[in-house]
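Source file: structure-v1.cif (mmCIF, C-alpha atoms)
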```
data_run
loop_
_atom_site.group_PDB
_atom_site.id
_atom_site.type_symbol
_atom_site.label_atom_id
_atom_site.label_comp_id
_atom_site.auth_asym_id
_atom_site.auth_seq_id
_atom_site.Cartn_x
_atom_site.Cartn_y
_atom_site.Cartn_z
ATOM 1 C CA ILE I 24 -114.529 134.380 -65.711
ATOM 2 C CA GLY I 25 -115.998 131.340 -67.441
ATOM 3 C CA ARG I 26 -119.229 133.174 -68.202
ATOM 4 C CA ARG I 27 -117.271 136.116 -69.588
ATOM 5 C CA LEU I 28 -115.336 133.809 -71.909
ATOM 6 C CA LEU I 29 -118.455 132.240 -73.428
ATOM 7 C CA PRO I 30 -119.175 135.102 -75.889
ATOM 8 C CA ALA I 31 -116.034 134.067 -77.770
ATOM 9 C CA PHE I 32 -117.893 130.921 -78.859
ATOM 10 C CA GLU I 33 -120.890 132.805 -80.279
ATOM 11 C CA SER I 34 -119.893 132.386 -83.904
ATOM 12 C CA LYS I 35 -122.003 130.757 -86.610
ATOM 13 C CA THR I 36 -119.875 127.611 -86.430
ATOM 14 C CA GLY I 37 -119.274 127.427 -82.674
ATOM 15 C CA ILE I 38 -115.551 127.864 -83.353
ATOM 16 C CA PRO I 39 -114.371 130.598 -80.962
ATOM 17 C CA TYR I 40 -112.848 133.938 -81.756
ATOM 18 C CA GLY I 41 -109.247 134.334 -80.682
ATOM 19 C CA THR I 42 -109.907 137.357 -78.453
ATOM 20 C CA VAL I 43 -112.723 138.245 -76.080
ATOM 21 C CA ASN I 44 -112.988 141.282 -73.830
ATOM 22 C CA LEU I 45 -114.015 140.124 -70.347
ATOM 23 C CA LEU I 46 -116.243 143.185 -69.930
ATOM 24 C CA HIS I 47 -117.677 143.769 -73.400
ATOM 25 C CA GLY I 48 -117.431 140.486 -75.306
ATOM 26 C CA ILE I 49 -115.898 140.156 -78.761
ATOM 27 C CA PRO I 50 -114.066 143.422 -79.569
ATOM 28 C CA GLU I 51 -115.391 145.473 -82.461
ATOM 29 C CA GLY I 52 -113.439 144.659 -85.584
ATOM 30 C CA GLU I 53 -111.970 141.466 -84.146
ATOM 31 C CA THR I 54 -110.838 139.085 -86.858
ATOM 32 C CA PRO I 55 -112.862 135.879 -87.234
ATOM 33 C CA ILE I 56 -109.681 134.011 -88.233
ATOM 34 C CA ALA I 57 -108.732 131.491 -85.563
ATOM 35 C CA SER I 58 -105.855 129.048 -85.381
ATOM 36 C CA LEU I 59 -106.520 125.330 -85.065
ATOM 37 C CA ALA I 60 -104.575 125.171 -81.820
ATOM 38 C CA GLY I 61 -106.131 128.288 -80.326
ATOM 39 C CA ALA I 62 -109.714 127.334 -81.128
ATOM 40 C CA GLY I 63 -109.380 123.611 -80.443
ATOM 41 C CA SER I 64 -107.363 123.511 -77.212
ATOM 42 C CA LEU I 65 -109.946 124.561 -74.657
ATOM 43 C CA SER I 66 -111.905 121.433 -73.761
ATOM 44 C CA LEU I 67 -109.775 120.190 -70.846
ATOM 45 C CA GLU I 68 -110.106 123.365 -68.803
ATOM 46 C CA MET I 69 -113.646 124.264 -69.829
ATOM 47 C CA GLU I 70 -114.974 120.764 -69.133
ATOM 48 C CA LEU I 71 -113.300 120.799 -65.745
ATOM 49 C CA LEU I 72 -114.897 124.180 -65.052
ATOM 50 C CA SER I 73 -118.286 122.678 -65.903
ATOM 51 C CA ARG I 74 -117.744 119.833 -63.479
ATOM 52 C CA LEU I 75 -116.606 122.139 -60.713
ATOM 53 C CA THR I 76 -119.502 124.577 -61.158
ATOM 54 C CA GLY I 77 -122.281 122.262 -62.369
ATOM 55 C CA ASN I 78 -122.749 124.485 -65.429
ATOM 56 C CA GLU I 79 -122.443 122.372 -68.562
ATOM 57 C CA ALA I 80 -122.267 125.410 -70.849
ATOM 58 C CA PHE I 81 -118.507 125.798 -70.487
ATOM 59 C CA GLY I 82 -117.531 122.279 -71.459
ATOM 60 C CA ASN I 83 -120.216 122.036 -74.113
ATOM 61 C CA ALA I 84 -118.962 125.165 -75.869
ATOM 62 C CA ALA I 85 -115.365 123.967 -75.974
ATOM 63 C CA LYS I 86 -116.310 120.445 -77.063
ATOM 64 C CA LEU I 87 -118.519 121.819 -79.819
ATOM 65 C CA ALA I 88 -115.577 123.861 -81.061
ATOM 66 C CA SER I 89 -113.339 120.781 -81.246
ATOM 67 C CA ARG I 90 -116.011 118.830 -83.088
ATOM 68 C CA ALA I 91 -116.709 121.724 -85.461
ATOM 69 C CA LEU I 92 -113.046 121.860 -86.409
ATOM 70 C CA TRP I 93 -112.758 118.101 -86.884
ATOM 71 C CA THR I 94 -115.816 117.921 -89.139
ATOM 72 C CA ARG I 95 -114.070 120.376 -91.478
ATOM 73 C CA ARG I 96 -111.061 118.120 -92.054
ATOM 74 C CA SER I 97 -110.223 117.025 -95.597
ATOM 75 C CA LYS I 98 -112.330 113.910 -95.941
ATOM 76 C CA ASP I 99 -109.925 111.833 -98.040
ATOM 77 C CA LYS I 100 -106.743 112.791 -96.135
ATOM 78 C CA SER I 101 -108.178 113.477 -92.644
ATOM 79 C CA LEU I 102 -105.956 116.552 -92.374
ATOM 80 C CA LEU I 103 -106.839 119.959 -90.947
ATOM 81 C CA GLY I 104 -105.525 123.381 -91.889
ATOM 82 C CA LYS I 105 -103.854 125.830 -89.537
ATOM 83 C CA HIS I 106 -106.260 128.783 -89.693
ATOM 84 C CA ILE I 107 -110.011 128.916 -90.202
ATOM 85 C CA ASN I 108 -112.725 131.551 -90.445
ATOM 86 C CA ALA I 109 -114.880 131.024 -87.351
ATOM 87 C CA GLU I 110 -117.952 132.513 -89.041
ATOM 88 C CA SER I 111 -117.858 130.877 -92.469
ATOM 89 C CA GLY I 112 -116.122 127.666 -91.447
ATOM 90 C CA PHE I 113 -113.759 127.887 -94.418
ATOM 91 C CA TRP I 114 -110.050 127.300 -93.998
ATOM 92 C CA THR I 115 -107.910 130.369 -94.651
ATOM 93 C CA GLU I 116 -104.658 128.413 -94.417
ATOM 94 C CA SER I 117 -104.564 124.952 -95.945
ATOM 95 C CA LEU I 118 -101.096 124.114 -94.642
ATOM 96 C CA SER I 119 -101.404 121.147 -92.290
ATOM 97 C CA GLY I 120 -99.024 119.833 -89.658
ATOM 98 C CA ILE I 121 -98.477 119.080 -85.982
ATOM 99 C CA GLY I 122 -96.292 122.102 -85.200
ATOM 100 C CA SER I 123 -97.111 125.796 -84.869
ATOM 101 C CA ASN I 124 -100.775 126.850 -84.820
ATOM 102 C CA SER I 125 -101.873 123.200 -84.738
ATOM 103 C CA ASP I 126 -100.025 121.202 -82.083
ATOM 104 C CA SER I 127 -102.256 121.294 -79.026
ATOM 105 C CA PHE I 128 -105.436 120.489 -80.990
ATOM 106 C CA TYR I 129 -104.203 116.924 -81.458
ATOM 107 C CA GLU I 130 -102.835 116.795 -77.930
ATOM 108 C CA TYR I 131 -106.175 117.839 -76.452
ATOM 109 C CA LEU I 132 -108.232 115.313 -78.431
ATOM 110 C CA LEU I 133 -106.390 112.408 -76.834
ATOM 111 C CA LYS I 134 -105.899 113.876 -73.369
ATOM 112 C CA HIS I 135 -109.564 114.903 -73.248
ATOM 113 C CA TYR I 136 -110.585 111.300 -73.823
ATOM 114 C CA ILE I 137 -108.129 110.078 -71.155
ATOM 115 C CA LEU I 138 -109.516 112.518 -68.578
ATOM 116 C CA TYR I 139 -113.171 112.305 -69.658
ATOM 117 C CA PRO I 140 -113.588 108.814 -71.213
ATOM 118 C CA GLU I 141 -117.366 109.201 -71.460
ATOM 119 C CA ASP I 142 -116.722 111.551 -74.405
ATOM 120 C CA LYS I 143 -115.855 108.588 -76.603
ATOM 121 C CA ASP I 144 -115.995 110.551 -79.830
ATOM 122 C CA PHE I 145 -112.825 112.407 -78.836
ATOM 123 C CA PHE I 146 -110.869 109.180 -79.119
ATOM 124 C CA GLY I 147 -112.453 108.524 -82.490
ATOM 125 C CA MET I 148 -111.543 112.026 -83.671
ATOM 126 C CA PHE I 149 -107.984 111.568 -82.490
ATOM 127 C CA ARG I 150 -107.579 108.179 -84.167
ATOM 128 C CA ASN I 151 -108.929 109.581 -87.401
ATOM 129 C CA THR I 152 -106.549 112.536 -87.419
ATOM 130 C CA TYR I 153 -103.651 110.381 -86.190
ATOM 131 C CA ASP I 154 -104.114 107.999 -89.110
ATOM 132 C CA GLY I 155 -104.356 110.952 -91.507
ATOM 133 C CA ILE I 156 -101.102 112.429 -90.222
ATOM 134 C CA PHE I 157 -99.313 109.070 -90.232
ATOM 135 C CA GLN I 158 -100.334 108.331 -93.801
ATOM 136 C CA ASN I 159 -100.173 111.801 -95.339
ATOM 137 C CA ALA I 160 -97.889 114.051 -93.276
ATOM 138 C CA ARG I 161 -94.996 111.795 -92.261
ATOM 139 C CA GLN I 162 -91.576 111.507 -93.838
ATOM 140 C CA GLY I 163 -89.630 108.764 -92.106
ATOM 141 C CA ASP I 164 -89.332 109.858 -88.477
ATOM 142 C CA TRP I 165 -90.336 113.450 -89.259
ATOM 143 C CA TYR I 166 -93.689 115.214 -89.652
ATOM 144 C CA PRO I 167 -93.383 118.123 -92.110
ATOM 145 C CA ASP I 168 -96.154 120.544 -93.002
ATOM 146 C CA VAL I 169 -98.147 119.430 -96.034
ATOM 147 C CA ASP I 170 -101.218 120.602 -97.922
ATOM 148 C CA MET I 171 -104.405 119.448 -96.182
ATOM 149 C CA THR I 172 -106.091 118.513 -99.465
ATOM 150 C CA HIS I 173 -103.235 117.162 -101.545
ATOM 151 C CA GLY I 174 -100.856 115.906 -98.883
ATOM 152 C CA PHE I 175 -97.173 115.716 -99.752
ATOM 153 C CA THR I 176 -97.290 118.116 -102.697
ATOM 154 C CA ALA I 177 -96.610 121.022 -100.313
ATOM 155 C CA LYS I 178 -94.150 119.125 -98.151
ATOM 156 C CA MET I 179 -91.335 121.118 -96.544
ATOM 157 C CA PRO I 180 -88.466 119.237 -94.834
ATOM 158 C CA VAL I 181 -88.713 121.290 -91.651
ATOM 159 C CA PHE I 182 -89.146 120.114 -88.064
ATOM 160 C CA GLU I 183 -90.666 122.583 -85.601
ATOM 161 C CA SER I 184 -89.783 122.285 -81.927
ATOM 162 C CA LEU I 185 -93.452 122.595 -80.993
ATOM 163 C CA ALA I 186 -94.024 119.239 -82.701
ATOM 164 C CA ALA I 187 -91.813 117.514 -80.118
ATOM 165 C CA PHE I 188 -94.929 116.812 -78.045
ATOM 166 C CA TYR I 189 -96.040 114.210 -80.587
ATOM 167 C CA PRO I 190 -93.996 111.204 -79.402
ATOM 168 C CA GLY I 191 -95.572 111.669 -75.971
ATOM 169 C CA ASN I 192 -99.021 111.499 -77.556
ATOM 170 C CA GLN I 193 -97.960 108.356 -79.388
ATOM 171 C CA VAL I 194 -96.904 106.771 -76.106
ATOM 172 C CA LEU I 195 -100.325 107.508 -74.606
ATOM 173 C CA LEU I 196 -101.871 105.853 -77.651
ATOM 174 C CA GLY I 197 -99.592 102.808 -77.346
ATOM 175 C CA GLU I 198 -97.655 103.561 -80.543
ATOM 176 C CA LEU I 199 -94.248 103.019 -78.944
ATOM 177 C CA ASN I 200 -92.132 102.203 -81.995
ATOM 178 C CA PRO I 201 -92.856 105.395 -83.990
ATOM 179 C CA ALA I 202 -92.656 107.386 -80.753
ATOM 180 C CA VAL I 203 -89.153 106.112 -79.992
ATOM 181 C CA ARG I 204 -87.960 106.659 -83.564
ATOM 182 C CA SER I 205 -89.191 110.255 -83.743
ATOM 183 C CA GLU I 206 -87.982 111.120 -80.260
ATOM 184 C CA ASN I 207 -84.526 109.778 -81.122
ATOM 185 C CA SER I 208 -84.447 111.978 -84.226
ATOM 186 C CA PHE I 209 -85.585 115.052 -82.295
ATOM 187 C CA THR I 210 -83.031 114.375 -79.549
ATOM 188 C CA ASN I 211 -80.276 113.943 -82.141
ATOM 189 C CA VAL I 212 -80.999 117.500 -83.284
ATOM 190 C CA ARG I 213 -80.659 118.767 -79.736
ATOM 191 C CA GLU I 214 -77.427 116.850 -79.185
ATOM 192 C CA TYR I 215 -75.992 117.987 -82.527
ATOM 193 C CA LEU I 216 -76.696 121.691 -81.980
ATOM 194 C CA GLY I 217 -76.662 121.756 -78.188
ATOM 195 C CA PHE I 218 -80.276 122.998 -78.179
ATOM 196 C CA LEU I 219 -83.544 122.421 -80.035
ATOM 197 C CA PRO I 220 -84.161 125.311 -82.467
ATOM 198 C CA GLU I 221 -87.610 126.619 -83.290
ATOM 199 C CA ARG I 222 -87.300 125.244 -86.835
ATOM 200 C CA PHE I 223 -84.810 122.697 -88.170
ATOM 201 C CA ASP I 224 -84.220 121.786 -91.810
ATOM 202 C CA TYR I 225 -83.607 118.049 -91.611
ATOM 203 C CA SER I 226 -82.765 117.763 -95.320
ATOM 204 C CA HIS I 227 -79.697 119.978 -94.828
ATOM 205 C CA TRP I 228 -79.278 119.193 -91.115
ATOM 206 C CA THR I 229 -79.205 122.818 -90.024
ATOM 207 C CA ALA I 230 -81.359 125.302 -88.137
ATOM 208 C CA SER I 231 -83.679 127.134 -90.508
ATOM 209 C CA SER I 232 -82.608 130.672 -91.331
ATOM 210 C CA GLY I 233 -84.034 133.102 -88.794
ATOM 211 C CA HIS I 234 -85.324 130.310 -86.535
ATOM 212 C CA ALA I 235 -82.258 129.261 -84.551
ATOM 213 C CA SER I 236 -83.623 130.576 -81.246
ATOM 214 C CA HIS I 237 -84.336 128.290 -78.298
ATOM 215 C CA PRO I 238 -87.122 129.627 -76.026
ATOM 216 C CA LEU I 239 -86.839 126.709 -73.553
ATOM 217 C CA ARG I 240 -89.922 124.891 -74.818
ATOM 218 C CA PRO I 241 -90.888 121.853 -72.688
ATOM 219 C CA GLU I 242 -92.411 119.598 -75.366
ATOM 220 C CA ILE I 243 -89.405 117.357 -75.931
ATOM 221 C CA HIS I 244 -89.007 116.842 -72.193
ATOM 222 C CA GLU I 245 -92.632 115.827 -71.799
ATOM 223 C CA SER I 246 -92.200 113.244 -74.540
ATOM 224 C CA ASN I 247 -89.039 111.938 -72.874
ATOM 225 C CA TYR I 248 -90.954 111.686 -69.603
ATOM 226 C CA PHE I 249 -93.736 109.631 -71.175
ATOM 227 C CA LEU I 250 -91.207 107.327 -72.840
#
```
Can the structure from this file be put into structure tokens for me?
Amino acid sequence: IGRRLLPAFESKTGIPYGTVNLLHGIPEGETPIASLAGAGSLSLEMELLSRLTGNEAFGNAAKLASRALWTRRSKDKSLLGKHINAESGFWTESLSGIGSNSDSFYEYLLKHYILYPEDKDFFGMFRNTYDGIFQNARQGDWYPDVDMTHGFTAKMPVFESLAAFYPGNQVLLGELNPAVRSENSFTNVREYLGFLPERFDYSHWTASSGHASHPLRPEIHESNYFL
């Protein structure tokens, strides 16, 4: 299966396509647009596969993808967009945040370093993006989506439930104070509504229109566990 997944990484940038046919490779007409989370959340499993099989190709492909994404961050803000063209390397969505289409990229940078500490650059990449988010995509205890180039100019006061993983990452980094503050805010939403909605407008303290569903996501519980 690992060998059949490798064709997905055969783009000009090393950033993988979102879909690969296990028999025929990249489907004809497949879009080269990949999400940050989808393309950059593969290194844990692929590196483990390399270590189990002795074939470095799997881990190398996934790690190259993570590095290729990170090198395309906005240099002055250290922010990354949510969607990118895997062939050209240009961002097709400049909205930046830690929620949908982005979340696990940041999670994997830190957890990869914890599991495979010899890949020291993963910790450096995480610290760089963590600082960028803290300085340019944080509003009090919340982390709204912003523009990756200009920062707060595109800020929207919306919390996405997928972003509830972030306090757990902060605990692993040793950033306990901001982790506790954000987790308290996220938990207050859950206590106020009785559930954590997909999107929550914290400026009006209400679930965003059309996003009041609760698909039993585990992120907030993982963060509580780490705390």
Query raised in the report: Which neighbours of Leu219 (chain I) fall inside 10 Å, counting all atoms listed in the file, when residues of the same chain fewer than 5 positions from it are skipped, and could you give them as an MDAnalysis selection string?
Result: chainID I and resid 183:185 187 209:214 230 235:240 243
Query raised in the report: Hey, what comes out of the PyMOL selection byres ((chain I and resi 196) around 10) on this file? Could you write it as a count of residues only?
Result: 17
Query raised in the report: What lies within 7 Å of Ser64 (chain I) using all atoms listed in the file, ignoring chain neighbours under 6 positions off, as number ranges by chain?
Result: I: 127-128, 131
The centre and edge lengths of an axis-aligned box containing all atoms of region 186-205 of chain I present in the file, extended by 8 Å on each side, are to be given in Å to one decimal, as AutoDock Vina command-line options.
```
--center_x -94.9 --center_y 110.7 --center_z -79.3 --size_x 29.9 --size_y 33.0 --size_z 25.4
```
Query raised in the report: Which residue out of I:Ser111, I:Leu29, I:Gly61, I:Ile121 has the minimum interatomic distance to Gly82 (chain I) when only C-alpha atoms are used?
Result: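 Ranking I:Ser111, I:Leu29, I:Gly61, I:Ile121 by distance to Gly82 (chain I), first place goes to I:Leu29.
Considering all atoms listed in the file, the residue among I:Ser58, I:Ser101, I:Asn200, I:Thr76 positioned nearest to Trp114 (chain I) is I:Ser58.
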Query raised in the report: CA of Phe145 (chain I) to CA of Ser208 (chain I): how many Å, to one decimal?
Result: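 If I compute the distance from CA of Phe145 (chain I) to CA of Ser208 (chain I), I get 28.9 Å.
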Requested in this report: Enumerate, as a PyMOL selection string, the residues matched when the PyMOL selection byres ((chain I and resi 43-54) around 10) is run on the file above.
Outcome: chain I and resi 24-33+39-42+55-57+108-110
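The residues returned by the PyMOL selection byres ((chain I and resi 81) around 7) for this structure are Gly25, Met69, Glu70, Leu72, Ser73, Asn78, Glu79, Ala80, Gly82, Asn83, Ala84 and Ala85 of chain I.
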Report task. Write out as a list in words each polymer residue whose atoms come within 12 Å of Gly163 (chain I), counting all atoms listed in the file; drop sequence neighbours fewer than 2 positions from it. Result ->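 The residues satisfying every condition are Phe157, Gln158, Asn159, Ala160, Arg161, Trp165, Tyr166, Pro167, Pro180, Pro201, Ala202, Arg204, Ser205, Ser208, Tyr225 and Ser226 of chain I.
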Hey, can you spit out that residue selection with C-alpha atoms as a PDB file, in the frame of the given file?
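out12.pdb, written as the output of this step:
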```pdb
ATOM      1  CA  PHE I 157     -99.313 109.070 -90.232  1.00  0.00           C
ATOM      2  CA  GLN I 158    -100.334 108.331 -93.801  1.00  0.00           C
ATOM      3  CA  ASN I 159    -100.173 111.801 -95.339  1.00  0.00           C
ATOM      4  CA  ALA I 160     -97.889 114.051 -93.276  1.00  0.00           C
ATOM      5  CA  ARG I 161     -94.996 111.795 -92.261  1.00  0.00           C
ATOM      6  CA  TRP I 165     -90.336 113.450 -89.259  1.00  0.00           C
ATOM      7  CA  TYR I 166     -93.689 115.214 -89.652  1.00  0.00           C
ATOM      8  CA  PRO I 167     -93.383 118.123 -92.110  1.00  0.00           C
ATOM      9  CA  PRO I 180     -88.466 119.237 -94.834  1.00  0.00           C
ATOM     10  CA  PRO I 201     -92.856 105.395 -83.990  1.00  0.00           C
ATOM     11  CA  ALA I 202     -92.656 107.386 -80.753  1.00  0.00           C
ATOM     12  CA  ARG I 204     -87.960 106.659 -83.564  1.00  0.00           C
ATOM     13  CA  SER I 205     -89.191 110.255 -83.743  1.00  0.00           C
ATOM     14  CA  SER I 208     -84.447 111.978 -84.226  1.00  0.00           C
ATOM     15  CA  TYR I 225     -83.607 118.049 -91.611  1.00  0.00           C
ATOM     16  CA  SER I 226     -82.765 117.763 -95.320  1.00  0.00           C
TER      17      SER I 226
END
```
**Report entry** Shortest interatomic distance to Met148 (chain I) - which of I:Tyr189, I:Phe113, I:Phe175, I:Tyr136, counting all atoms listed in the file
**Finding:**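 Among the listed residues, the smallest separation from Met148 (chain I) belongs to I:Tyr136.
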Query raised in the report: Mind pulling up the distance from CA of Ala62 (chain I) to CA of Leu75 (chain I)?
Result: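 Separating CA of Leu75 (chain I) from CA of Ala62 (chain I) is a distance of 22.2 Å.
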Query - Selected residue, from I:Ser125, I:Asp168, I:Glu68, I:Gly174, that lies nearest to Arg222 (chain I) when counting only C-alpha atoms - result: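 With only C-alpha atoms as the atom set, the closest residue is I:Asp168.
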Query raised in the report: Counting all atoms listed in the file, which of I:Thr115, I:Asn124, I:Asn207, I:Thr94 gets nearest to Asn151 (chain I)?
Result: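 For Asn151 (chain I), the nearest of the given residues is I:Thr94.
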Report summary line: CA of Val181 (chain I) to CA of Tyr215 (chain I) measures 16.0 Å
Query raised in the report: From the list I:Thr152, I:Gly63, I:Ser123, I:Asp144, which residue is nearest Arg96 (chain I) when using all atoms listed in the file?
Result: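 Checking each of I:Thr152, I:Gly63, I:Ser123, I:Asp144 against Arg96 (chain I), counting all atoms listed in the file, the winner is I:Thr152.
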